[in-house]
$ cat target-v4.txt   # compact mmCIF, C-alpha atoms
# COMPACT_ATOMS: atom_id res chain seq x y z
CA MET A 1 29.50 -45.47 -54.86
CA GLU A 2 28.21 -42.27 -56.40
CA HIS A 3 24.76 -43.05 -54.97
CA GLU A 4 26.29 -43.32 -51.46
CA HIS A 5 28.00 -39.93 -51.90
CA ILE A 6 24.69 -38.35 -52.89
CA LEU A 7 22.98 -39.86 -49.82
CA LEU A 8 25.79 -38.62 -47.57
CA LEU A 9 25.55 -35.14 -49.09
CA GLN A 10 21.78 -35.13 -48.57
CA LYS A 11 22.26 -36.13 -44.92
CA ILE A 12 24.82 -33.35 -44.42
CA LEU A 13 22.47 -30.81 -46.00
CA VAL A 14 19.59 -31.99 -43.78
CA VAL A 15 21.79 -31.68 -40.67
CA LEU A 16 22.99 -28.21 -41.71
CA PHE A 17 19.42 -27.10 -42.45
CA SER A 18 18.24 -28.47 -39.08
CA VAL A 19 21.06 -26.70 -37.22
CA ALA A 20 20.31 -23.42 -39.05
CA LEU A 21 16.58 -23.74 -38.29
CA PHE A 22 17.28 -24.60 -34.66
CA TRP A 23 19.60 -21.57 -34.36
CA LYS A 24 16.91 -19.29 -35.83
CA ILE A 25 14.36 -20.64 -33.34
CA ILE A 26 16.80 -20.05 -30.45
CA LYS A 27 17.44 -16.46 -31.64
CA TYR A 28 13.71 -15.85 -31.99
CA MET A 29 13.02 -17.15 -28.46
CA CYS A 30 15.84 -15.00 -27.04
CA GLY A 31 14.36 -12.03 -28.90
CA LEU A 32 11.00 -12.67 -27.23
CA LEU A 33 12.68 -12.75 -23.83
CA ASN A 34 14.44 -9.45 -24.54
CA VAL A 35 11.37 -7.56 -25.76
CA GLU A 36 11.45 -4.19 -24.03
CA LYS A 37 8.64 -3.59 -21.56
CA GLU A 38 6.05 -0.92 -22.22
CA PRO A 39 6.90 2.30 -20.34
CA VAL A 40 5.14 2.95 -17.03
CA THR A 41 3.93 6.53 -16.55
CA VAL A 42 4.78 7.87 -13.08
CA LEU A 43 3.38 11.13 -11.70
CA VAL A 44 5.28 13.07 -9.03
CA THR A 45 3.46 16.08 -7.58
CA GLY A 46 5.46 18.81 -5.86
CA ALA A 47 8.27 17.74 -8.17
CA ALA A 48 10.26 20.98 -7.89
CA GLY A 49 10.50 20.63 -4.11
CA GLN A 50 13.20 18.94 -2.06
CA ILE A 51 11.72 15.44 -1.98
CA GLY A 52 10.68 15.65 -5.64
CA TYR A 53 14.18 16.71 -6.66
CA ALA A 54 15.64 13.68 -4.83
CA LEU A 55 12.93 11.31 -6.07
CA VAL A 56 12.73 11.86 -9.84
CA PRO A 57 16.31 10.76 -10.64
CA MET A 58 15.77 7.61 -8.55
CA ILE A 59 12.69 6.77 -10.62
CA ALA A 60 14.52 7.56 -13.88
CA ARG A 61 17.43 5.31 -12.85
CA GLY A 62 15.19 2.29 -12.15
CA VAL A 63 15.36 2.35 -8.34
CA MET A 64 11.55 2.35 -8.05
CA LEU A 65 10.46 -0.12 -10.74
CA GLY A 66 13.58 -2.11 -11.61
CA PRO A 67 16.55 -1.86 -13.98
CA ASP A 68 14.62 -3.09 -17.03
CA GLN A 69 11.46 -0.98 -16.71
CA PRO A 70 11.26 2.13 -18.94
CA VAL A 71 9.39 5.08 -17.43
CA ILE A 72 7.70 8.29 -18.51
CA LEU A 73 7.81 10.96 -15.83
CA HIS A 74 4.99 13.44 -15.30
CA MET A 75 6.01 16.24 -12.92
CA LEU A 76 3.46 18.63 -11.42
CA ASP A 77 3.96 21.72 -9.31
CA ILE A 78 2.28 25.05 -8.60
CA GLU A 79 2.61 28.07 -10.89
CA PRO A 80 5.22 29.95 -8.74
CA ALA A 81 7.50 26.87 -9.04
CA ALA A 82 7.12 26.54 -12.84
CA MET A 83 10.60 27.85 -13.64
CA ALA A 84 12.26 25.60 -11.05
CA LEU A 85 10.22 22.65 -12.37
CA ASN A 86 11.46 23.31 -15.88
CA GLY A 87 15.02 23.36 -14.49
CA VAL A 88 14.44 19.85 -13.05
CA LYS A 89 13.25 18.71 -16.49
CA MET A 90 16.41 20.15 -18.07
CA GLU A 91 18.56 18.20 -15.61
CA LEU A 92 16.68 14.95 -16.28
CA ILE A 93 17.36 15.39 -20.01
CA ASP A 94 21.02 16.23 -19.30
CA ALA A 95 21.43 13.08 -17.18
CA ALA A 96 20.61 10.91 -20.25
CA PHE A 97 18.90 8.17 -18.24
CA PRO A 98 18.54 5.10 -20.52
CA LEU A 99 15.20 4.12 -18.93
CA LEU A 100 13.61 7.57 -19.21
CA ARG A 101 11.33 7.58 -22.25
CA GLY A 102 9.71 10.99 -21.73
CA VAL A 103 9.30 13.90 -19.34
CA VAL A 104 6.31 16.17 -18.86
CA ALA A 105 6.75 19.21 -16.58
CA THR A 106 3.50 21.07 -16.02
CA THR A 107 1.38 23.17 -13.68
CA ASP A 108 -1.82 21.78 -15.24
CA VAL A 109 -3.20 18.99 -13.04
CA ALA A 110 -5.21 17.42 -15.90
CA GLU A 111 -2.14 17.16 -18.14
CA ALA A 112 -0.09 15.79 -15.24
CA CYS A 113 -2.61 13.05 -14.40
CA LYS A 114 -3.24 11.85 -17.96
CA ASP A 115 -2.80 8.06 -18.27
CA VAL A 116 -0.59 7.77 -15.16
CA ASN A 117 -0.05 4.26 -13.80
CA ILE A 118 1.61 5.33 -10.55
CA ALA A 119 1.04 8.61 -8.70
CA VAL A 120 3.42 9.75 -5.94
CA MET A 121 1.74 12.67 -4.20
CA VAL A 122 4.56 14.70 -2.66
CA GLY A 123 2.97 18.14 -3.05
CA GLY A 124 1.05 19.57 -0.12
CA PHE A 125 0.71 22.64 2.07
CA PRO A 126 3.28 22.62 4.91
CA ARG A 127 2.44 23.92 8.37
CA LYS A 128 3.92 27.34 8.94
CA GLU A 129 4.67 29.11 12.17
CA GLY A 130 1.56 30.48 13.84
CA MET A 131 -0.85 28.35 11.77
CA GLU A 132 -3.60 26.40 13.47
CA ARG A 133 -3.90 22.68 12.74
CA LYS A 134 -7.30 23.25 11.14
CA ASP A 135 -5.86 25.88 8.75
CA VAL A 136 -3.25 23.41 7.49
CA MET A 137 -5.85 20.66 7.20
CA SER A 138 -8.19 22.97 5.27
CA LYS A 139 -5.45 23.84 2.74
CA ASN A 140 -4.54 20.17 2.19
CA VAL A 141 -8.14 19.03 1.96
CA SER A 142 -8.73 21.44 -0.93
CA ILE A 143 -5.47 20.38 -2.66
CA TYR A 144 -6.21 16.65 -2.37
CA LYS A 145 -9.86 17.04 -3.33
CA ALA A 146 -8.79 18.73 -6.61
CA GLN A 147 -6.00 16.25 -7.35
CA ALA A 148 -8.28 13.29 -6.56
CA SER A 149 -10.81 14.57 -9.08
CA ALA A 150 -8.08 14.87 -11.74
CA LEU A 151 -6.79 11.34 -11.06
CA GLU A 152 -10.38 10.06 -11.14
CA GLN A 153 -10.92 11.64 -14.55
CA TYR A 154 -7.55 11.22 -16.32
CA ALA A 155 -5.41 8.50 -14.69
CA ALA A 156 -5.20 4.89 -15.87
CA PRO A 157 -7.98 2.77 -14.28
CA ASP A 158 -5.49 0.63 -12.31
CA CYS A 159 -3.46 3.63 -11.07
CA LYS A 160 -1.57 3.01 -7.82
CA VAL A 161 -1.38 6.04 -5.51
CA LEU A 162 1.16 6.79 -2.77
CA VAL A 163 0.59 9.89 -0.63
CA VAL A 164 3.76 11.33 0.92
CA ALA A 165 2.70 14.89 1.87
CA ASN A 166 1.59 15.38 5.46
CA PRO A 167 -0.83 14.72 7.02
CA ALA A 168 -0.23 11.71 4.77
CA ASN A 169 -2.85 9.29 6.16
CA THR A 170 -5.65 11.84 6.08
CA ASN A 171 -4.60 13.31 2.71
CA ALA A 172 -4.84 9.75 1.35
CA LEU A 173 -8.30 9.36 2.91
CA ILE A 174 -9.53 12.58 1.24
CA LEU A 175 -8.08 11.39 -2.07
CA LYS A 176 -9.94 8.10 -1.70
CA GLU A 177 -13.23 9.91 -1.05
CA PHE A 178 -12.96 12.02 -4.22
CA ALA A 179 -11.58 9.36 -6.56
CA PRO A 180 -14.22 6.64 -6.04
CA SER A 181 -13.39 4.76 -9.26
CA ILE A 182 -9.81 4.11 -8.09
CA PRO A 183 -9.98 0.89 -6.01
CA GLU A 184 -9.50 1.62 -2.29
CA LYS A 185 -6.66 -0.93 -2.21
CA ASN A 186 -4.81 1.26 -4.72
CA ILE A 187 -4.62 4.27 -2.39
CA THR A 188 -1.86 4.18 0.22
CA CYS A 189 0.31 6.50 2.27
CA LEU A 190 3.99 6.43 3.16
CA THR A 191 5.07 4.92 6.48
CA ARG A 192 7.98 3.05 4.91
CA LEU A 193 10.26 5.92 5.95
CA ASP A 194 9.38 5.24 9.60
CA HIS A 195 9.80 1.49 8.98
CA ASN A 196 13.27 2.07 7.51
CA ARG A 197 14.18 4.39 10.40
CA ALA A 198 13.26 1.62 12.84
CA LEU A 199 15.42 -0.90 10.95
CA GLY A 200 18.28 1.61 10.99
CA GLN A 201 18.06 2.23 14.74
CA ILE A 202 18.14 -1.50 15.51
CA SER A 203 21.06 -2.19 13.17
CA GLU A 204 23.03 0.70 14.70
CA ARG A 205 22.29 -0.47 18.25
CA ILE A 206 23.61 -4.01 17.75
CA ASN A 207 26.17 -3.13 15.07
CA ILE A 208 24.90 -5.36 12.26
CA HIS A 209 24.01 -4.54 8.66
CA VAL A 210 20.49 -3.19 8.19
CA SER A 211 19.70 -5.98 5.69
CA GLU A 212 20.05 -8.46 8.59
CA VAL A 213 17.04 -6.95 10.42
CA LYS A 214 13.47 -7.63 9.29
CA ASN A 215 9.80 -7.47 10.23
CA VAL A 216 9.57 -4.36 12.37
CA ILE A 217 6.10 -2.80 12.18
CA ILE A 218 4.88 0.78 12.09
CA TRP A 219 1.30 0.90 13.34
CA GLY A 220 -1.00 3.87 12.76
CA ASN A 221 -0.40 7.46 11.76
CA HIS A 222 2.65 8.98 10.09
CA SER A 223 2.99 11.35 13.03
CA SER A 224 4.56 11.41 16.48
CA THR A 225 1.82 9.00 17.72
CA GLN A 226 2.95 6.20 15.38
CA TYR A 227 3.93 2.99 17.15
CA PRO A 228 7.20 1.34 16.02
CA ASP A 229 6.79 -2.29 17.16
CA VAL A 230 9.68 -4.79 17.40
CA ASN A 231 7.79 -7.65 19.08
CA HIS A 232 7.79 -9.73 15.89
CA ALA A 233 11.05 -8.45 14.41
CA THR A 234 14.08 -10.68 13.96
CA VAL A 235 17.77 -10.37 13.19
CA ILE A 236 19.58 -12.85 10.97
CA PRO A 237 23.34 -12.21 11.19
CA THR A 238 25.26 -13.70 8.26
CA ASN A 239 27.39 -15.65 10.73
CA GLY A 240 24.75 -16.69 13.24
CA GLU A 241 21.24 -17.98 13.99
CA GLU A 242 18.02 -16.01 13.61
CA LYS A 243 16.83 -14.50 16.88
CA SER A 244 14.24 -11.99 18.01
CA VAL A 245 15.22 -8.33 18.16
CA ARG A 246 14.30 -8.27 21.87
CA GLU A 247 16.69 -11.17 22.50
CA ALA A 248 19.45 -9.63 20.37
CA ILE A 249 19.24 -6.21 22.04
CA ALA A 250 18.48 -7.55 25.54
CA ASN A 251 17.28 -4.15 26.76
CA ASP A 252 13.48 -3.92 26.93
CA ASN A 253 13.65 -0.54 28.63
CA TRP A 254 15.46 0.98 25.62
CA LEU A 255 13.11 -0.73 23.14
CA ASN A 256 9.98 0.48 25.00
CA THR A 257 11.13 4.07 25.48
CA GLU A 258 14.09 5.67 23.67
CA PHE A 259 13.82 3.51 20.55
CA ILE A 260 10.14 4.44 20.08
CA THR A 261 10.61 8.17 20.65
CA THR A 262 13.73 8.27 18.41
CA VAL A 263 11.77 6.81 15.49
CA GLN A 264 8.71 8.96 16.21
CA GLN A 265 10.76 12.18 16.31
CA ARG A 266 13.44 11.39 13.74
CA GLY A 267 12.00 13.83 11.21
CA ALA A 268 12.20 16.70 13.69
CA ALA A 269 15.78 15.71 14.60
CA ILE A 270 16.79 15.85 10.92
CA ILE A 271 15.19 19.28 10.48
CA LYS A 272 17.12 20.47 13.54
CA ALA A 273 20.39 19.12 12.10
CA ARG A 274 19.95 20.07 8.42
CA LYS A 275 17.61 23.05 8.80
CA LEU A 276 15.69 21.21 6.06
CA SER A 277 13.37 18.20 6.07
CA SER A 278 14.46 14.63 5.34
CA ALA A 279 14.19 14.59 1.55
CA LEU A 280 16.74 11.93 0.56
CA SER A 281 15.43 9.26 2.96
CA ALA A 282 11.78 10.09 2.14
CA ALA A 283 12.46 9.72 -1.60
CA SER A 284 14.28 6.44 -1.03
CA ALA A 285 11.40 5.13 1.13
CA ALA A 286 8.85 6.10 -1.55
CA CYS A 287 10.84 4.00 -4.07
CA ASP A 288 10.95 1.09 -1.59
CA HIS A 289 7.17 1.32 -1.02
CA ILE A 290 6.26 1.27 -4.73
CA ARG A 291 8.91 -1.31 -5.68
CA ASP A 292 7.72 -3.83 -3.08
CA TRP A 293 4.06 -3.13 -3.91
CA VAL A 294 4.60 -3.68 -7.66
CA LEU A 295 7.32 -6.36 -7.65
CA GLY A 296 6.51 -8.12 -4.36
CA THR A 297 8.04 -8.49 -0.90
CA PRO A 298 10.67 -11.18 -0.25
CA LYS A 299 9.27 -14.44 1.16
CA GLY A 300 9.00 -14.31 4.94
CA THR A 301 9.35 -10.52 5.06
CA TRP A 302 6.72 -7.86 5.59
CA VAL A 303 6.84 -4.07 5.29
CA SER A 304 4.74 -1.21 6.68
CA MET A 305 2.22 0.61 4.47
CA GLY A 306 -0.54 3.05 5.28
CA VAL A 307 -3.65 1.33 3.86
CA TYR A 308 -7.44 1.50 4.20
CA SER A 309 -8.38 -0.33 7.39
CA ASP A 310 -10.60 -3.39 7.02
CA GLY A 311 -11.00 -3.83 10.80
CA SER A 312 -7.88 -5.99 11.24
CA TYR A 313 -6.38 -5.93 14.75
CA GLY A 314 -9.44 -4.09 16.07
CA ILE A 315 -8.63 -0.91 14.11
CA GLN A 316 -11.86 0.74 13.04
CA PRO A 317 -12.56 0.74 9.28
CA GLY A 318 -12.77 4.08 7.52
CA ILE A 319 -9.25 5.39 8.20
CA ILE A 320 -5.90 4.98 6.44
CA TYR A 321 -3.75 3.20 9.04
CA SER A 322 -0.26 1.72 8.83
CA PHE A 323 -0.21 -2.08 9.04
CA PRO A 324 2.36 -4.82 8.36
CA VAL A 325 1.74 -6.06 4.81
CA THR A 326 3.12 -8.51 2.29
CA CYS A 327 2.87 -7.82 -1.45
CA GLU A 328 2.48 -10.18 -4.38
CA LYS A 329 1.52 -9.58 -8.04
CA GLY A 330 0.81 -5.91 -7.42
CA GLN A 331 -1.51 -6.48 -4.44
CA TRP A 332 -0.89 -5.94 -0.73
CA SER A 333 -2.34 -8.06 2.10
CA ILE A 334 -2.34 -7.25 5.81
CA VAL A 335 -0.34 -9.82 7.81
CA GLN A 336 -2.81 -11.60 10.08
CA GLY A 337 -2.58 -13.46 13.37
CA LEU A 338 0.18 -11.48 15.12
CA LYS A 339 -0.07 -11.49 18.90
CA ILE A 340 -0.71 -8.03 20.37
CA ASP A 341 0.28 -7.42 23.99
CA GLU A 342 -1.26 -4.84 26.33
CA PHE A 343 1.55 -2.29 25.79
CA SER A 344 1.10 -2.51 22.00
CA ARG A 345 -2.70 -2.39 22.20
CA GLU A 346 -2.57 0.92 24.07
CA LYS A 347 -0.14 2.47 21.55
CA MET A 348 -2.11 1.18 18.54
CA ASP A 349 -5.39 2.55 19.90
CA ALA A 350 -3.84 5.96 20.71
CA THR A 351 -2.62 6.49 17.13
CA ALA A 352 -6.00 5.25 15.76
CA LYS A 353 -7.74 7.81 17.99
CA GLU A 354 -5.59 10.59 16.51
CA LEU A 355 -6.50 9.44 12.99
CA MET A 356 -10.21 9.50 13.83
CA GLU A 357 -9.77 13.06 15.14
CA GLU A 358 -7.94 14.05 11.94
CA LYS A 359 -10.73 12.51 9.87
CA THR A 360 -13.37 14.50 11.78
CA LEU A 361 -11.33 17.69 11.31
CA ALA A 362 -10.86 17.02 7.58
CA TYR A 363 -14.58 16.42 7.05
CA SER A 364 -15.42 19.63 8.95
CA CYS A 365 -13.12 21.47 6.48
CA LEU A 366 -15.04 19.90 3.58
CA ASN A 367 -18.33 21.09 5.02
$ encode --input "target-v4.txt" --output "structure tokens"
Amino acid sequence: MEHEHILLLQKILVVLFSVALFWKIIKYMCGLLNVEKEPVTVLVTGAAGQIGYALVPMIARGVMLGPDQPVILHMLDIEPAAMALNGVKMELIDAAFPLLRGVVATTDVAEACKDVNIAVMVGGFPRKEGMERKDVMSKNVSIYKAQASALEQYAAPDCKVLVVANPANTNALILKEFAPSIPEKNITCLTRLDHNRALGQISERINIHVSEVKNVIIWGNHSSTQYPDVNHATVIPTNGEEKSVREAIANDNWLNTEFITTVQQRGAAIIKARKLSSALSAASAACDHIRDWVLGTPKGTWVSMGVYSDGSYGIQPGIIYSFPVTCEKGQWSIVQGLKIDEFSREKMDATAKELMEEKTLAYSCLN
């Protein structure tokens, strides 16, 4: 009898030990899953300006890289803006963002670019009244040549670059020329703002939520020659079947005229209304661009990004041109095989022509 009690006790102890061991293994595995990610260092140039001021809290809050991704912010601006830049740093500290692991506010481009993983180039020279186009281009060429050299020398080797400052496509091209070690696929410019504007106009027109519209395209330059294309766009109402935007709107005249010009000239309309440029929507679009690039686009959905042309859709290589792209595992790919009608071809070629002219002008400034 006593022997049976001892055996029973041994069995109980074995079970308890097994349960305790199993529980420790479970806790260990959960701990592995909850290991905090390494911080990503994000550079924002022109950080004391309007767009920068709207953008940095979005990054610090996780809007750009996700709610579980810690960040270190590097903010760069010119010497006259140093005091304002320091004020932005003070506010970031005061906001006590849980994801923000560090803030650098500097006017030194080398310090700003050190070890950055993502660079959002918001700083540039704006066109002022009475200035010739070549004067503006010359100023921006010198700015982007210097910043490209700093990124080339100090940034992380896999640094992803988004140029926001206008002329965005050509600024990105200059940056690519003077940062040859950064892969050309890692240098992009912002046309997501135009893409989002197009989604917004369609959703307003047919009175559905903007999330129910997808696959518009912005082709070409981030300028008034850009071509907002709805020929492949669809709407998926929560209570109905998927249909093409053309079918849903049933007004080709509006889509081929007023819709296009509204998107093309939306920036000017906002300046007229606010007396200031569109900072909030530009900052939000920059977050959308980087988030989709890093974390991937939803299946069956594409977005618009200004990228280095590989000759797709008959667009000459050697310019940064906005295409429809999908993103996966940190890489973008141009959507292939879309049918291009005669109306679209003409618009796409016109904006490509402007980009070639900008490229020629930029290179003449270099020389």
$ closest_residue --input "target-v4.txt" --among "A:Ala82, A:Val120, A:Asp77, A:Leu65" --to "Leu100 of chain A" --atoms "only C-alpha atoms"
A:Leu65
$ closest_residue --input "target-v4.txt" --among "A:Lys353, A:Lys359, A:Arg61, A:Arg274" --to "Thr170 of chain A" --atoms "all atoms listed in the file"
A:Lys359
$ closest_residue --input "target-v4.txt" --among "A:Gly220, A:Gly66, A:Pro98, A:Pro183" --to "Ala350 of chain A" --atoms "only C-alpha atoms"
A:Gly220
$ residues_near_point --input "target-v4.txt" --point "(14.1, 9.9, -12.6)" --cutoff "8 Å" --atoms "all atoms listed in the file" --output "PyMOL selection string"
chain A and resi 55-62+73+92+97+100
$ residues_around --input "target-v4.txt" --residues "segment 228-242 of chain A" --least-positions-apart "5" --cutoff "9 Å" --atoms "only C-alpha atoms" --output "ChimeraX atom specification"
/A:194-195,198,203,208-209,211-219,247-248,255-256,259-261,263-264,338-341,344
$ write_last_selection --input "target-v4.txt" --atoms "C-alpha atoms" --output "compact mmCIF listing (two decimals), in the frame of the given file"
# COMPACT_ATOMS: atom_id res chain seq x y z
CA ASP A 194 9.38 5.24 9.60
CA HIS A 195 9.80 1.49 8.98
CA ALA A 198 13.26 1.62 12.84
CA SER A 203 21.06 -2.19 13.17
CA ILE A 208 24.90 -5.36 12.26
CA HIS A 209 24.01 -4.54 8.66
CA SER A 211 19.70 -5.98 5.69
CA GLU A 212 20.05 -8.46 8.59
CA VAL A 213 17.04 -6.95 10.42
CA LYS A 214 13.47 -7.63 9.29
CA ASN A 215 9.80 -7.47 10.23
CA VAL A 216 9.57 -4.36 12.37
CA ILE A 217 6.10 -2.80 12.18
CA ILE A 218 4.88 0.78 12.09
CA TRP A 219 1.30 0.90 13.34
CA GLU A 247 16.69 -11.17 22.50
CA ALA A 248 19.45 -9.63 20.37
CA LEU A 255 13.11 -0.73 23.14
CA ASN A 256 9.98 0.48 25.00
CA PHE A 259 13.82 3.51 20.55
CA ILE A 260 10.14 4.44 20.08
CA THR A 261 10.61 8.17 20.65
CA VAL A 263 11.77 6.81 15.49
CA GLN A 264 8.71 8.96 16.21
CA LEU A 338 0.18 -11.48 15.12
CA LYS A 339 -0.07 -11.49 18.90
CA ILE A 340 -0.71 -8.03 20.37
CA ASP A 341 0.28 -7.42 23.99
CA SER A 344 1.10 -2.51 22.00
$ closest_residue --input "target-v4.txt" --among "A:Asp349, A:Phe178, A:Ala156, A:Ala279" --to "Ala54 of chain A" --atoms "only C-alpha atoms"
A:Ala279
$ atom_distance --input "target-v4.txt" --atom1 "atom CA of Leu76 of chain A" --atom2 "atom CA of Ile187 of chain A"
18.8 Å
$ closest_residue --input "target-v4.txt" --among "A:Lys275, A:His74, A:Lys145, A:His222" --to "Tyr363 of chain A" --atoms "only C-alpha atoms"
A:Lys145
$ atom_distance --input "target-v4.txt" --atom1 "atom CA of Arg345 of chain A" --atom2 "atom CA of Pro324 of chain A"
14.9 Å
$ atom_distance --input "target-v4.txt" --atom1 "atom CA of Lys347 of chain A" --atom2 "atom CA of Ala172 of chain A"
22.0 Å
$ residues_around --input "target-v4.txt" --residues "Ala286 of chain A" --least-positions-apart "4" --cutoff "9 Å" --atoms "only C-alpha atoms" --output "ChimeraX atom specification"
/A:55,64,120,162,164,190-193,281-282,290-291
$ residues_around --input "target-v4.txt" --residues "Ala362 of chain A" --least-positions-apart "4" --cutoff "10 Å" --atoms "all atoms listed in the file" --output "CSV table (one decimal) with C-alpha atoms, in the frame of the given file"
chain,number,residue,atom,x,y,z
A,134,LYS,CA,-7.3,23.2,11.1
A,136,VAL,CA,-3.2,23.4,7.5
A,137,MET,CA,-5.8,20.7,7.2
A,138,SER,CA,-8.2,23.0,5.3
A,139,LYS,CA,-5.4,23.8,2.7
A,140,ASN,CA,-4.5,20.2,2.2
A,141,VAL,CA,-8.1,19.0,2.0
A,142,SER,CA,-8.7,21.4,-0.9
A,170,THR,CA,-5.6,11.8,6.1
A,171,ASN,CA,-4.6,13.3,2.7
A,173,LEU,CA,-8.3,9.4,2.9
A,174,ILE,CA,-9.5,12.6,1.2
A,356,MET,CA,-10.2,9.5,13.8
A,357,GLU,CA,-9.8,13.1,15.1
A,358,GLU,CA,-7.9,14.0,11.9
A,366,LEU,CA,-15.0,19.9,3.6
A,367,ASN,CA,-18.3,21.1,5.0
$ residues_around --input "target-v4.txt" --residues "Val42 of chain A" --least-positions-apart "3" --cutoff "7 Å" --atoms "all atoms listed in the file" --output "list in words"
Val71, Ile72, Leu73, His74, Val116, Asn117, Ile118 and Ala119 of chain A
$ write_last_selection --input "target-v4.txt" --atoms "C-alpha atoms" --output "tab-separated table (two decimals), in the coordinates of the input"
chain	number	residue	atom	x	y	z
A	71	VAL	CA	9.39	5.08	-17.43
A	72	ILE	CA	7.70	8.29	-18.51
A	73	LEU	CA	7.81	10.96	-15.83
A	74	HIS	CA	4.99	13.44	-15.30
A	116	VAL	CA	-0.59	7.77	-15.16
A	117	ASN	CA	-0.05	4.26	-13.80
A	118	ILE	CA	1.61	5.33	-10.55
A	119	ALA	CA	1.04	8.61	-8.70
$ residues_around --input "target-v4.txt" --residues "Gly49 of chain A" --least-positions-apart "6" --cutoff "9 Å" --atoms "only C-alpha atoms" --output "ChimeraX atom specification"
/A:77,81,84-85,122-123
$ closest_residue --input "target-v4.txt" --among "A:Leu361, A:Leu295, A:Leu99, A:Met90" --to "Lys37 of chain A" --atoms "all atoms listed in the file"
A:Leu99
